[in-house]
Each structure stands twice: as C-alpha cells, then as structure tokens.
Amino acid sequence: MTQPTILAAPRARASATSLVATLDIGGTKIAGALVDADGRLPVRSLRRTPDGSDGAAVTAVVQEVLDELRARPEWHRVIAAGVSSTGPLDTPTGTVTPVNLPGWRDFPLARMVAKTTGLSSVVLVNDAVAAAAAEHWRGAARGHDNALCMVVSTGVGGGLVLAGRVREGPTGNAGHIGHISVDLDGDACRCGTPGCVERFASGPNIVRQALSAGWRPAERTRPTAVAVAAAARAGDPAALDAFDRAARALAAGIAATATLLEIRLAVIGGGVSAAGAVLFDPLRTHLRAFTTLHFTTGVEVVPAAFRADAGLIGAAVFAFAAVA
Ligand SMILES: [Zn+2]
C-alpha cells in the first residue's frame with residue numbers, strides 16, 4: 001500500500017497502545033474516531049454534513065469533530081491521522097474537490113487537519129479506497145486478492161484490490177466506478193459525463209427515478225432510498241423498477257471491471273446496500289447477462305461487512321501504515 005499524503009516524516013512510531021485519529025467526510029455525515037491497531041473505535045464523533053455548497057460551513061464541522069476528538073483523554077496516544085473523503089481528491093497535494101461538496105474546490109484538507117491536530121503524519125484517502133482497505137483487512141474481501149469494493153450511497157464510489165493490494169492510482173482516485181458511463185445517450189451526471197453509473201444507482205438517483213415513474217412516499221415522510229426500498233419490498237412497480245435500473249447499472253460497472261482487471265469479487269456497501277434483496281437479487285441476475293466471457297463468469301457479489309465505519313477503519317489502515 002502506498003501512503004497517499006504524508007506532510008512530514010512521521011515523528012512517532014506505532015506501539016501496542018497507539019491510536020490513530022480518523023475522519024470520514026461524506027455528503028451526508030462527517031464522522032471522526034480514534035482507532036486502535038485492531039480496528040476498534042474507542043472514541044467516536046458524528047455530525048451531519050451541512051449544505052455542501054458552503055465550503056466554510058463544511059470546514060467548521062470538520063473542525064468541531066477534530067476538537068471533540070482532541071478533547072478526549074486518549075488523545076495523547078494518537079500518533080497519526082487518516083482522512084477518508086468523498087472524491088475526487090488529489091493525494092500528492094492533499095487536496096479534495098468532491099463532486100457532492102461543491103463548496104470545496106482544491107481544498108487543502110490534509111494540511112487543515114495537520115494544522116488543527118499538530119500531527120505530522122496525515123494521510124488522505126478516497127472514501128471508497130478506504131472502504132476497500134477496511135473490507136480487505138477485516139471484512140468481506142478478506143483473503144481475496146482481486147476485488148472491487150463499492151460504496152453506494154449519496155454517490156457511488158469504488159476501490160480496487162489487485163494482486164492482494166489496495167491500488168489507489170497516482171492521485172488516489174483509481175476505482176471511481178460511479179463515474180463510468182453505462183449509457184451513451186444518458187442524462188448528464190453531476191460530473192458532466194452522460195449516463196454515469198451514479199446517475200442510476202446512487203440513493204438520490206434511485207429516488208428521482210422512482211418519483212418520475214409515479215412512486216410517492218407516505219404522507220409526511222421524506223422521499224429517501226430507504227423508503228423506495230420498502231416500497232419495492234411491498235411490490236410497488238415504480239420502486240421495483242428504480243432498483244432494477246440501479247442494479248443493472250451497477251452490474252454493467254462490475255462486469256466492465258471484471259473484464260478489464262479480472263476481479264473475482266464485488267463487495268457492495270454504503271447506505272443503499274442496506275436495501276438487501278431488492279438490490280442484490282436483480283444485481284446478480286443482470287451481472288450474469290453482462291459477464292459472458294469465461295474469465296468474467298462467476299464474479300461473486302456480496303454485501304460489505306462494514307456499514308457506517310468502513311471509511312473510518314480504512315483510513316486507520318492507511319494511517320497506521322504511514323508510521324509502521
Ligand atoms: Zn459522473
């Protein structure tokens with residue numbers, strides 16, 4: 001595993017009692033934790049992400065989470081920080097330009113964390129790459145040498161395990177499967193490309209699709225992917241169709257990855273994966289239709305082992321590696 005962003009030579013080395021501070025910054029929540037070398041999280045902090053177009057507000061919430069972690073008595077055992085962020089990002093410079101946080105453009109996130117915490121070793125990693133590291137270390141991809149780990153949530157991200165190692169690419173963005181086009185004539189995604197996987201499979205796009213096909217949430221409830229999943233389980237045709245389209249787009253993306261890289265396993269995490277069979281059943285069916293070459297048939301699809309903590313634990317894997 002490479003170390004994406006290390007601002008200075010680490011001053012501290014890991015011991016049995018060492019902790020790392022980790023952040024997971026997404027479109028819905030900003031989480032922080034202190035993590036030990038066994039992947040336990042003795043200290044946590046959680047905030048809702050403010051309006052993503054207000055960069056200063058997002059920065060302020062990250063600051064709050066870090067302040068809460070720093071106030072804990074365990075802080076003196078912290079030797080490094082790992083920051084998992086929604087992408088894209090640029091690991092050599094430690095900056096982020098998230099599609100779903102438009103208020104942050106080339107935002108110097110690693111430097112901000114280093115300044116706030118006083119830690120010299122701050123590692124920045126794409127949230128889906130972090131999830132891949134967590135799943136490969138202790139989760140559903142453990143023991144697998146070639147796997148794609150996807151996070152299907154507000155957006156759709158991915159990280160790759162190839163030849164037994166998490167591969168993140170020169171700028172930390174390898175595996176960005178949500179922004180592969182699966183529809184040449186499709187609507188433009190938030191990234192500008194027509195017909196991205198994310199345009200079909202992210203939570204907000206599942207909701208959009210279901211609403212446009214006539215599904216309506218129950219009175220006084222918000223239209224969410226969880227609500228669409230419940231409606232699909234109850235047999236609502238518009239909800240079922242929205243999940244089927246999401247599953248087909250994910251299947252096309254997984255099949256493309258299997259064809260390019262011979263992955264044998266796809267791990268699906270993120271909030272949308274909690275839909276369960278209404279997502280996984282059509283996904284496995286569609287995947288069979290897209291994987292017709294002998295080296296792609298039989299690609300397995302499994303739910304992620306880590307739910308909300310994948311980014312925090314994966315960032316810890318990178319942070320510990322930086323001071324190993
Ligand atoms: Zn896109």
# chains A, B, ... in the order shown; residues from 1 in each chain; ligands from 1
call {"tool": "select_by_dssp", "arguments": {"residues": "region 68-214 of chain A", "states": "alpha helix (DSSP H)", "output": "PyMOL selection string"}}
result
chain A and resi 68-70+109-117+127-138+197-201+203-212
call {"tool": "residues_around", "arguments": {"residues": "Asn100 (chain A)", "least_positions_apart": "6", "cutoff": "12 Å", "atoms": "only C-alpha atoms", "output": "PyMOL selection string"}}
result
chain A and resi 25-29+49-55+58+85-88+153-157+189-191+198+202+204
call {"tool": "write_last_selection", "arguments": {"atoms": "N, CA and C atoms", "output": "PDB file, in the first residue's frame"}}
result
ATOM      1  N   ILE A  25     -15.398  11.864   5.632  1.00  0.00           N
ATOM      2  CA  ILE A  25     -16.153  13.036   5.199  1.00  0.00           C
ATOM      3  C   ILE A  25     -16.978  12.675   3.974  1.00  0.00           C
ATOM      4  N   GLY A  26     -18.294  12.717   4.147  1.00  0.00           N
ATOM      5  CA  GLY A  26     -19.186  12.361   3.047  1.00  0.00           C
ATOM      6  C   GLY A  26     -20.257  13.410   2.840  1.00  0.00           C
ATOM      7  N   GLY A  27     -21.116  13.167   1.878  1.00  0.00           N
ATOM      8  CA  GLY A  27     -22.165  14.119   1.547  1.00  0.00           C
ATOM      9  C   GLY A  27     -23.265  14.188   2.591  1.00  0.00           C
ATOM     10  N   THR A  28     -23.375  13.151   3.437  1.00  0.00           N
ATOM     11  CA  THR A  28     -24.441  13.094   4.427  1.00  0.00           C
ATOM     12  C   THR A  28     -23.928  13.315   5.836  1.00  0.00           C
ATOM     13  N   LYS A  29     -22.758  12.722   6.135  1.00  0.00           N
ATOM     14  CA  LYS A  29     -22.246  12.817   7.505  1.00  0.00           C
ATOM     15  C   LYS A  29     -20.739  13.045   7.508  1.00  0.00           C
ATOM     16  N   THR A  49     -23.487  16.494   7.662  1.00  0.00           N
ATOM     17  CA  THR A  49     -22.787  17.396   6.745  1.00  0.00           C
ATOM     18  C   THR A  49     -23.690  18.590   6.428  1.00  0.00           C
ATOM     19  N   PRO A  50     -23.183  19.814   6.598  1.00  0.00           N
ATOM     20  CA  PRO A  50     -24.017  20.968   6.225  1.00  0.00           C
ATOM     21  C   PRO A  50     -24.123  21.078   4.699  1.00  0.00           C
ATOM     22  N   ASP A  51     -24.867  22.059   4.244  1.00  0.00           N
ATOM     23  CA  ASP A  51     -25.013  22.313   2.807  1.00  0.00           C
ATOM     24  C   ASP A  51     -23.631  22.279   2.129  1.00  0.00           C
ATOM     25  N   GLY A  52     -23.479  21.349   1.195  1.00  0.00           N
ATOM     26  CA  GLY A  52     -22.173  21.122   0.572  1.00  0.00           C
ATOM     27  C   GLY A  52     -21.669  22.277  -0.264  1.00  0.00           C
ATOM     28  N   SER A  53     -22.569  23.229  -0.597  1.00  0.00           N
ATOM     29  CA  SER A  53     -22.113  24.361  -1.401  1.00  0.00           C
ATOM     30  C   SER A  53     -21.460  25.431  -0.510  1.00  0.00           C
ATOM     31  N   ASP A  54     -21.596  25.273   0.809  1.00  0.00           N
ATOM     32  CA  ASP A  54     -20.999  26.225   1.754  1.00  0.00           C
ATOM     33  C   ASP A  54     -19.709  25.617   2.331  1.00  0.00           C
ATOM     34  N   GLY A  55     -18.612  25.862   1.622  1.00  0.00           N
ATOM     35  CA  GLY A  55     -17.340  25.248   1.995  1.00  0.00           C
ATOM     36  C   GLY A  55     -16.912  25.597   3.414  1.00  0.00           C
ATOM     37  N   VAL A  58     -18.743  23.476   5.958  1.00  0.00           N
ATOM     38  CA  VAL A  58     -18.240  22.100   5.986  1.00  0.00           C
ATOM     39  C   VAL A  58     -16.922  22.067   6.772  1.00  0.00           C
ATOM     40  N   SER A  85     -12.147  10.822   2.447  1.00  0.00           N
ATOM     41  CA  SER A  85     -13.053  11.854   1.936  1.00  0.00           C
ATOM     42  C   SER A  85     -13.713  11.414   0.641  1.00  0.00           C
ATOM     43  N   THR A  86     -14.937  11.867   0.488  1.00  0.00           N
ATOM     44  CA  THR A  86     -15.612  11.702  -0.791  1.00  0.00           C
ATOM     45  C   THR A  86     -14.777  12.400  -1.867  1.00  0.00           C
ATOM     46  N   GLY A  87     -14.732  11.817  -3.059  1.00  0.00           N
ATOM     47  CA  GLY A  87     -13.818  12.293  -4.085  1.00  0.00           C
ATOM     48  C   GLY A  87     -14.503  13.104  -5.166  1.00  0.00           C
ATOM     49  N   PRO A  88     -13.723  13.485  -6.182  1.00  0.00           N
ATOM     50  CA  PRO A  88     -12.304  13.193  -6.342  1.00  0.00           C
ATOM     51  C   PRO A  88     -11.420  13.995  -5.378  1.00  0.00           C
ATOM     52  N   SER A 153     -24.155   5.127  -2.128  1.00  0.00           N
ATOM     53  CA  SER A 153     -24.708   5.989  -1.086  1.00  0.00           C
ATOM     54  C   SER A 153     -25.221   7.266  -1.744  1.00  0.00           C
ATOM     55  N   THR A 154     -24.901   8.448  -1.181  1.00  0.00           N
ATOM     56  CA  THR A 154     -25.251   9.723  -1.835  1.00  0.00           C
ATOM     57  C   THR A 154     -24.637   9.757  -3.226  1.00  0.00           C
ATOM     58  N   GLY A 155     -23.437   9.182  -3.352  1.00  0.00           N
ATOM     59  CA  GLY A 155     -22.776   8.987  -4.630  1.00  0.00           C
ATOM     60  C   GLY A 155     -22.443   7.509  -4.768  1.00  0.00           C
ATOM     61  N   VAL A 156     -21.704   7.174  -5.818  1.00  0.00           N
ATOM     62  CA  VAL A 156     -21.252   5.789  -5.993  1.00  0.00           C
ATOM     63  C   VAL A 156     -19.739   5.823  -6.152  1.00  0.00           C
ATOM     64  N   GLY A 157     -19.037   5.166  -5.233  1.00  0.00           N
ATOM     65  CA  GLY A 157     -17.581   5.132  -5.292  1.00  0.00           C
ATOM     66  C   GLY A 157     -17.086   3.699  -5.354  1.00  0.00           C
ATOM     67  N   CYS A 189     -24.480  13.376 -15.770  1.00  0.00           N
ATOM     68  CA  CYS A 189     -24.251  13.174 -14.331  1.00  0.00           C
ATOM     69  C   CYS A 189     -23.773  14.501 -13.737  1.00  0.00           C
ATOM     70  N   ARG A 190     -23.706  14.576 -12.398  1.00  0.00           N
ATOM     71  CA  ARG A 190     -23.170  15.782 -11.762  1.00  0.00           C
ATOM     72  C   ARG A 190     -21.754  16.086 -12.218  1.00  0.00           C
ATOM     73  N   CYS A 191     -21.023  15.058 -12.637  1.00  0.00           N
ATOM     74  CA  CYS A 191     -19.635  15.260 -13.072  1.00  0.00           C
ATOM     75  C   CYS A 191     -19.575  15.774 -14.508  1.00  0.00           C
ATOM     76  N   GLU A 198     -23.458   6.287 -11.416  1.00  0.00           N
ATOM     77  CA  GLU A 198     -24.056   7.040 -10.304  1.00  0.00           C
ATOM     78  C   GLU A 198     -25.402   7.651 -10.665  1.00  0.00           C
ATOM     79  N   SER A 202     -27.083   5.830  -7.382  1.00  0.00           N
ATOM     80  CA  SER A 202     -26.938   6.488  -6.072  1.00  0.00           C
ATOM     81  C   SER A 202     -28.317   6.612  -5.424  1.00  0.00           C
ATOM     82  N   PRO A 204     -29.981   9.276  -4.155  1.00  0.00           N
ATOM     83  CA  PRO A 204     -30.830  10.335  -4.718  1.00  0.00           C
ATOM     84  C   PRO A 204     -31.341  10.009  -6.126  1.00  0.00           C
TER      85      PRO A 204
END
call {"tool": "residues_near_ligand", "arguments": {"ligand": "ligand 1", "cutoff": "8 Å", "atoms": "only C-alpha atoms and all ligand atoms", "output": "mmCIF file with C-alpha atoms, in the first residue's frame"}}
result
data_model
loop_
_atom_site.group_PDB
_atom_site.id
_atom_site.type_symbol
_atom_site.label_atom_id
_atom_site.label_comp_id
_atom_site.auth_asym_id
_atom_site.auth_seq_id
_atom_site.Cartn_x
_atom_site.Cartn_y
_atom_site.Cartn_z
ATOM 1 C CA GLY A 178 -19.592 5.642 -10.158
ATOM 2 C CA HIS A 179 -18.348 7.900 -12.930
ATOM 3 C CA ILE A 180 -18.024 5.315 -15.672
ATOM 4 C CA SER A 181 -20.679 5.810 -18.347
ATOM 5 C CA ALA A 188 -25.510 14.253 -17.740
ATOM 6 C CA CYS A 189 -24.251 13.174 -14.331
ATOM 7 C CA ARG A 190 -23.170 15.782 -11.762
ATOM 8 C CA CYS A 191 -19.635 15.260 -13.072
ATOM 9 C CA GLY A 192 -20.742 16.244 -16.603
ATOM 10 C CA THR A 193 -20.414 12.828 -18.245
ATOM 11 C CA PRO A 194 -23.556 11.365 -19.808
ATOM 12 C CA GLY A 195 -25.031 8.204 -18.291
ATOM 13 C CA CYS A 196 -22.696 7.517 -15.340
ATOM 14 C CA VAL A 197 -23.353 4.514 -13.073
ATOM 15 C CA GLU A 198 -24.056 7.040 -10.304
ATOM 16 C CA ARG A 199 -26.801 8.646 -12.381
#
call {"tool": "residues_around", "arguments": {"residues": "region 292-295 of chain A", "least_positions_apart": "4", "cutoff": "12 Å", "atoms": "only C-alpha atoms", "output": "VMD selection string"}}
result
chain A and resid 252 255 to 264 286 to 288 299
call {"tool": "write_last_selection", "arguments": {"atoms": "N, CA, C and O atoms", "output": "compact mmCIF listing (two decimals), in the first residue's frame"}}
result
# COMPACT_ATOMS: atom_id res chain seq x y z
N ALA A 252 -23.40 -3.51 -14.86
CA ALA A 252 -22.58 -3.14 -16.02
C ALA A 252 -21.21 -2.65 -15.58
O ALA A 252 -20.18 -2.98 -16.19
N ALA A 255 -19.19 -5.65 -14.29
CA ALA A 255 -18.77 -6.50 -15.42
C ALA A 255 -17.62 -5.85 -16.18
O ALA A 255 -16.67 -6.54 -16.58
N ALA A 256 -17.70 -4.53 -16.36
CA ALA A 256 -16.60 -3.84 -17.05
C ALA A 256 -15.30 -3.99 -16.26
O ALA A 256 -14.22 -4.22 -16.83
N THR A 257 -15.40 -3.88 -14.96
CA THR A 257 -14.21 -4.02 -14.10
C THR A 257 -13.66 -5.44 -14.17
O THR A 257 -12.44 -5.65 -14.24
N ALA A 258 -14.56 -6.43 -14.17
CA ALA A 258 -14.12 -7.83 -14.27
C ALA A 258 -13.43 -8.08 -15.61
O ALA A 258 -12.43 -8.81 -15.68
N THR A 259 -13.95 -7.47 -16.66
CA THR A 259 -13.38 -7.67 -17.99
C THR A 259 -12.01 -7.01 -18.09
O THR A 259 -11.08 -7.55 -18.69
N LEU A 260 -11.86 -5.83 -17.51
CA LEU A 260 -10.58 -5.11 -17.56
C LEU A 260 -9.53 -5.70 -16.64
O LEU A 260 -8.35 -5.74 -16.98
N LEU A 261 -9.93 -6.12 -15.45
CA LEU A 261 -8.96 -6.39 -14.38
C LEU A 261 -9.05 -7.78 -13.77
O LEU A 261 -8.27 -8.11 -12.88
N GLU A 262 -9.98 -8.59 -14.25
CA GLU A 262 -10.17 -9.94 -13.70
C GLU A 262 -10.41 -9.96 -12.20
O GLU A 262 -9.87 -10.80 -11.48
N ILE A 263 -11.22 -9.00 -11.73
CA ILE A 263 -11.64 -9.11 -10.32
C ILE A 263 -12.58 -10.31 -10.21
O ILE A 263 -13.29 -10.65 -11.16
N ARG A 264 -12.58 -10.96 -9.05
CA ARG A 264 -13.42 -12.14 -8.84
C ARG A 264 -14.53 -11.88 -7.84
O ARG A 264 -15.36 -12.75 -7.60
N HIS A 286 -28.63 -9.47 -13.44
CA HIS A 286 -28.10 -8.65 -14.53
C HIS A 286 -26.62 -8.93 -14.74
O HIS A 286 -26.13 -8.90 -15.88
N LEU A 287 -25.90 -9.19 -13.66
CA LEU A 287 -24.46 -9.43 -13.80
C LEU A 287 -24.20 -10.66 -14.68
O LEU A 287 -23.27 -10.67 -15.48
N ARG A 288 -25.04 -11.67 -14.54
CA ARG A 288 -24.87 -12.86 -15.39
C ARG A 288 -24.98 -12.50 -16.87
O ARG A 288 -24.26 -13.02 -17.70
N VAL A 299 -18.27 -14.04 -11.25
CA VAL A 299 -17.87 -12.96 -10.31
C VAL A 299 -18.92 -12.92 -9.19
O VAL A 299 -20.11 -12.85 -9.45
call {"tool": "select_by_dssp", "arguments": {"residues": "region 125-212 of chain A", "states": "strand (DSSP E or B)", "output": "list in words"}}
result
Val125, Asn126, Ala147, Leu148, Cys149, Met150, Val151, Val152, Val156, Gly157, Gly158, Gly159, Leu160, Val161, Leu162, Arg165, Val166, Arg167, Ser181, Ala188, Pro194 and Cys196 of chain A
call {"tool": "write_last_selection", "arguments": {"atoms": "N, CA and C atoms", "output": "compact mmCIF listing (two decimals), in the first residue's frame"}}
result
# COMPACT_ATOMS: atom_id res chain seq x y z
N VAL A 125 -7.15 9.81 1.91
CA VAL A 125 -7.52 8.67 1.08
C VAL A 125 -8.98 8.81 0.63
N ASN A 126 -9.23 8.43 -0.60
CA ASN A 126 -10.59 8.42 -1.13
C ASN A 126 -11.47 7.51 -0.27
N ALA A 147 -10.45 -7.80 -6.09
CA ALA A 147 -11.83 -7.45 -5.73
C ALA A 147 -12.09 -5.98 -6.01
N LEU A 148 -13.35 -5.69 -6.26
CA LEU A 148 -13.83 -4.31 -6.35
C LEU A 148 -14.74 -4.08 -5.16
N CYS A 149 -14.48 -3.03 -4.39
CA CYS A 149 -15.35 -2.70 -3.26
C CYS A 149 -16.06 -1.40 -3.59
N MET A 150 -17.39 -1.43 -3.59
CA MET A 150 -18.16 -0.25 -3.97
C MET A 150 -18.89 0.33 -2.77
N VAL A 151 -19.03 1.64 -2.77
CA VAL A 151 -19.84 2.32 -1.77
C VAL A 151 -20.98 2.99 -2.51
N VAL A 152 -22.19 2.51 -2.28
CA VAL A 152 -23.36 3.04 -2.99
C VAL A 152 -24.18 3.81 -1.96
N VAL A 156 -21.70 7.17 -5.82
CA VAL A 156 -21.25 5.79 -5.99
C VAL A 156 -19.74 5.82 -6.15
N GLY A 157 -19.04 5.17 -5.23
CA GLY A 157 -17.58 5.13 -5.29
C GLY A 157 -17.09 3.70 -5.35
N GLY A 158 -15.79 3.56 -5.56
CA GLY A 158 -15.22 2.21 -5.61
C GLY A 158 -13.73 2.24 -5.31
N GLY A 159 -13.25 1.11 -4.83
CA GLY A 159 -11.82 0.93 -4.59
C GLY A 159 -11.42 -0.46 -5.02
N LEU A 160 -10.18 -0.61 -5.42
CA LEU A 160 -9.72 -1.87 -6.02
C LEU A 160 -8.69 -2.58 -5.17
N VAL A 161 -8.85 -3.88 -5.05
CA VAL A 161 -7.80 -4.75 -4.51
C VAL A 161 -7.31 -5.58 -5.70
N LEU A 162 -6.04 -5.43 -6.04
CA LEU A 162 -5.49 -6.18 -7.17
C LEU A 162 -4.19 -6.85 -6.72
N ARG A 165 -3.29 -6.29 -3.09
CA ARG A 165 -3.03 -4.97 -2.51
C ARG A 165 -4.09 -3.96 -2.94
N VAL A 166 -4.38 -3.02 -2.05
CA VAL A 166 -5.29 -1.93 -2.40
C VAL A 166 -4.53 -0.99 -3.34
N ARG A 167 -5.14 -0.72 -4.48
CA ARG A 167 -4.49 0.14 -5.50
C ARG A 167 -5.27 1.43 -5.62
N SER A 181 -19.40 5.72 -17.64
CA SER A 181 -20.68 5.81 -18.35
C SER A 181 -21.17 4.42 -18.74
N ALA A 188 -26.80 13.90 -18.32
CA ALA A 188 -25.51 14.25 -17.74
C ALA A 188 -25.53 14.00 -16.23
N PRO A 194 -22.23 11.95 -19.65
CA PRO A 194 -23.56 11.37 -19.81
C PRO A 194 -23.61 9.92 -19.30
N CYS A 196 -23.56 8.19 -16.32
CA CYS A 196 -22.70 7.52 -15.34
C CYS A 196 -23.48 6.47 -14.52
call {"tool": "closest_residue", "arguments": {"among": "A:His176, A:Lys115, A:Arg216, A:Arg233", "to": "Asp127 (chain A)", "atoms": "only C-alpha atoms"}}
result
A:His176
call {"tool": "residues_around", "arguments": {"residues": "region 305-321 of chain A", "least_positions_apart": "6", "cutoff": "7 Å", "atoms": "only C-alpha atoms", "output": "PyMOL selection string"}}
result
chain A and resi 3+20+22-24+33+35+39+80-84+123+125+127+130-131+133-135+139-140+269-270
call {"tool": "closest_residue", "arguments": {"among": "A:Ala213, A:Val323, A:Leu109, A:Ala163", "to": "Gly143 (chain A)", "atoms": "only C-alpha atoms"}}
result
A:Ala163
call {"tool": "atom_distance", "arguments": {"atom1": "CA of Gly175 (chain A)", "atom2": "CA of Trp137 (chain A)"}}
result
17.6 Å
call {"tool": "residues_around", "arguments": {"residues": "Val302 (chain A)", "least_positions_apart": "6", "cutoff": "8 Å", "atoms": "only C-alpha atoms", "output": "PyMOL selection string"}}
result
chain A and resi 140+265-268
call {"tool": "residues_around", "arguments": {"residues": "Arg47 (chain A)", "least_positions_apart": "2", "cutoff": "8 Å", "atoms": "only C-alpha atoms", "output": "number ranges by chain"}}
result
A: 29-31, 45, 49, 61, 65
call {"tool": "residues_around", "arguments": {"residues": "region 91-98 of chain A", "least_positions_apart": "6", "cutoff": "8 Å", "atoms": "only C-alpha atoms", "output": "list in words"}}
result
Pro4, Thr5, Ser85, Trp104, Arg105, Asp106, Phe107, Pro108, Leu109, Ala110, Arg111, Leu124, Val125, Pro170, Thr171 and Gly172 of chain A
call {"tool": "write_last_selection", "arguments": {"atoms": "all heavy atoms", "output": "short mmCIF file (atom, residue, chain, number, x, y, z; two decimals), in the first residue's frame"}}
result
data_model
loop_
_atom_site.label_atom_id
_atom_site.label_comp_id
_atom_site.auth_asym_id
_atom_site.auth_seq_id
_atom_site.Cartn_x
_atom_site.Cartn_y
_atom_site.Cartn_z
N PRO A 4 -0.62 7.92 0.67
CA PRO A 4 -1.05 8.99 -0.22
C PRO A 4 -0.51 10.37 0.11
O PRO A 4 0.04 11.02 -0.73
CB PRO A 4 -2.56 8.97 -0.10
CG PRO A 4 -2.90 7.65 0.47
CD PRO A 4 -1.74 7.25 1.30
N THR A 5 -0.67 10.81 1.33
CA THR A 5 -0.21 12.16 1.65
C THR A 5 0.46 12.12 3.01
O THR A 5 -0.18 11.83 4.01
CB THR A 5 -1.38 13.15 1.74
OG1 THR A 5 -2.10 13.10 0.52
CG2 THR A 5 -0.88 14.57 1.96
N SER A 85 -12.15 10.82 2.45
CA SER A 85 -13.05 11.85 1.94
C SER A 85 -13.71 11.41 0.64
O SER A 85 -13.12 10.69 -0.16
CB SER A 85 -12.28 13.15 1.68
OG SER A 85 -13.13 14.11 1.06
N TRP A 104 -16.14 22.98 -1.67
CA TRP A 104 -14.71 22.65 -1.55
C TRP A 104 -14.13 22.38 -2.93
O TRP A 104 -14.48 21.38 -3.58
CB TRP A 104 -14.55 21.38 -0.70
CG TRP A 104 -14.46 21.60 0.78
CD1 TRP A 104 -14.55 22.78 1.46
CD2 TRP A 104 -14.26 20.57 1.77
NE1 TRP A 104 -14.42 22.54 2.80
CE2 TRP A 104 -14.23 21.22 3.02
CE3 TRP A 104 -14.09 19.19 1.70
CZ2 TRP A 104 -14.06 20.51 4.22
CZ3 TRP A 104 -13.91 18.48 2.88
CH2 TRP A 104 -13.89 19.13 4.13
N ARG A 105 -13.27 23.25 -3.38
CA ARG A 105 -12.58 23.02 -4.66
C ARG A 105 -11.08 23.19 -4.40
O ARG A 105 -10.66 24.25 -3.93
CB ARG A 105 -13.07 23.99 -5.75
CG ARG A 105 -14.47 23.64 -6.24
CD ARG A 105 -14.46 22.30 -7.00
NE ARG A 105 -15.77 21.75 -7.33
CZ ARG A 105 -16.45 20.84 -6.59
NH1 ARG A 105 -15.96 20.44 -5.43
NH2 ARG A 105 -17.58 20.34 -7.00
N ASP A 106 -10.31 22.13 -4.66
CA ASP A 106 -8.88 22.11 -4.32
C ASP A 106 -8.67 22.51 -2.86
O ASP A 106 -7.74 23.24 -2.52
CB ASP A 106 -8.07 23.05 -5.25
CG ASP A 106 -8.13 22.60 -6.69
OD1 ASP A 106 -8.03 21.38 -6.94
OD2 ASP A 106 -8.31 23.47 -7.58
N PHE A 107 -9.56 22.03 -2.01
CA PHE A 107 -9.48 22.39 -0.59
C PHE A 107 -8.34 21.61 0.08
O PHE A 107 -8.28 20.38 -0.02
CB PHE A 107 -10.82 22.08 0.10
CG PHE A 107 -10.79 22.40 1.57
CD1 PHE A 107 -10.80 23.72 1.99
CD2 PHE A 107 -10.71 21.39 2.52
CE1 PHE A 107 -10.74 24.03 3.34
CE2 PHE A 107 -10.64 21.70 3.87
CZ PHE A 107 -10.66 23.01 4.28
N PRO A 108 -7.45 22.32 0.78
CA PRO A 108 -6.26 21.65 1.37
C PRO A 108 -6.61 20.92 2.67
O PRO A 108 -6.21 21.33 3.75
CB PRO A 108 -5.31 22.82 1.60
CG PRO A 108 -6.20 24.01 1.82
CD PRO A 108 -7.45 23.77 0.99
N LEU A 109 -7.33 19.81 2.54
CA LEU A 109 -7.88 19.10 3.69
C LEU A 109 -6.78 18.50 4.58
O LEU A 109 -6.84 18.61 5.81
CB LEU A 109 -8.84 18.00 3.19
CG LEU A 109 -9.51 17.13 4.23
CD1 LEU A 109 -10.32 17.97 5.22
CD2 LEU A 109 -10.44 16.11 3.54
N ALA A 110 -5.78 17.88 3.96
CA ALA A 110 -4.72 17.24 4.77
C ALA A 110 -3.98 18.29 5.59
O ALA A 110 -3.70 18.10 6.78
CB ALA A 110 -3.75 16.49 3.86
N ARG A 111 -3.71 19.43 4.97
CA ARG A 111 -2.99 20.49 5.67
C ARG A 111 -3.82 21.07 6.82
O ARG A 111 -3.32 21.35 7.89
CB ARG A 111 -2.62 21.60 4.66
CG ARG A 111 -1.49 22.49 5.09
CD ARG A 111 -0.81 23.15 3.89
NE ARG A 111 -0.08 22.20 3.05
CZ ARG A 111 1.10 21.69 3.35
NH1 ARG A 111 1.72 22.03 4.48
NH2 ARG A 111 1.70 20.84 2.56
N LEU A 124 -4.31 11.20 3.43
CA LEU A 124 -5.61 11.45 2.78
C LEU A 124 -5.92 10.30 1.84
O LEU A 124 -5.05 9.87 1.07
CB LEU A 124 -5.54 12.77 2.00
CG LEU A 124 -6.79 13.16 1.20
CD1 LEU A 124 -7.97 13.44 2.14
CD2 LEU A 124 -6.49 14.38 0.33
N VAL A 125 -7.15 9.81 1.91
CA VAL A 125 -7.52 8.67 1.08
C VAL A 125 -8.98 8.81 0.63
O VAL A 125 -9.83 9.29 1.38
CB VAL A 125 -7.26 7.33 1.84
CG1 VAL A 125 -8.02 7.27 3.14
CG2 VAL A 125 -7.58 6.12 1.00
N PRO A 170 -2.12 7.11 -9.05
CA PRO A 170 -1.20 8.21 -8.74
C PRO A 170 -1.83 9.35 -7.96
O PRO A 170 -1.15 10.01 -7.17
CB PRO A 170 -0.75 8.70 -10.12
CG PRO A 170 -1.07 7.62 -11.07
CD PRO A 170 -2.21 6.83 -10.48
N THR A 171 -3.12 9.64 -8.14
CA THR A 171 -3.75 10.74 -7.41
C THR A 171 -4.79 10.26 -6.41
O THR A 171 -5.53 11.06 -5.85
CB THR A 171 -4.40 11.77 -8.37
OG1 THR A 171 -5.51 11.13 -9.03
CG2 THR A 171 -3.40 12.29 -9.39
N GLY A 172 -4.88 8.94 -6.22
CA GLY A 172 -5.78 8.41 -5.19
C GLY A 172 -7.19 8.14 -5.66
O GLY A 172 -8.08 7.92 -4.83
#
call {"tool": "closest_residue", "arguments": {"among": "A:Asp241, A:Ala37, A:Ala249, A:Val226", "to": "Gly186 (chain A)", "atoms": "only C-alpha atoms"}}
result
A:Ala249
call {"tool": "closest_residue", "arguments": {"among": "A:Gly118, A:Gly103, A:Gly203, A:Gly164", "to": "Ala132 (chain A)", "atoms": "only C-alpha atoms"}}
result
A:Gly164
call {"tool": "atom_distance", "arguments": {"atom1": "CA of Phe280 (chain A)", "atom2": "CA of Glu219 (chain A)"}}
result
28.1 Å
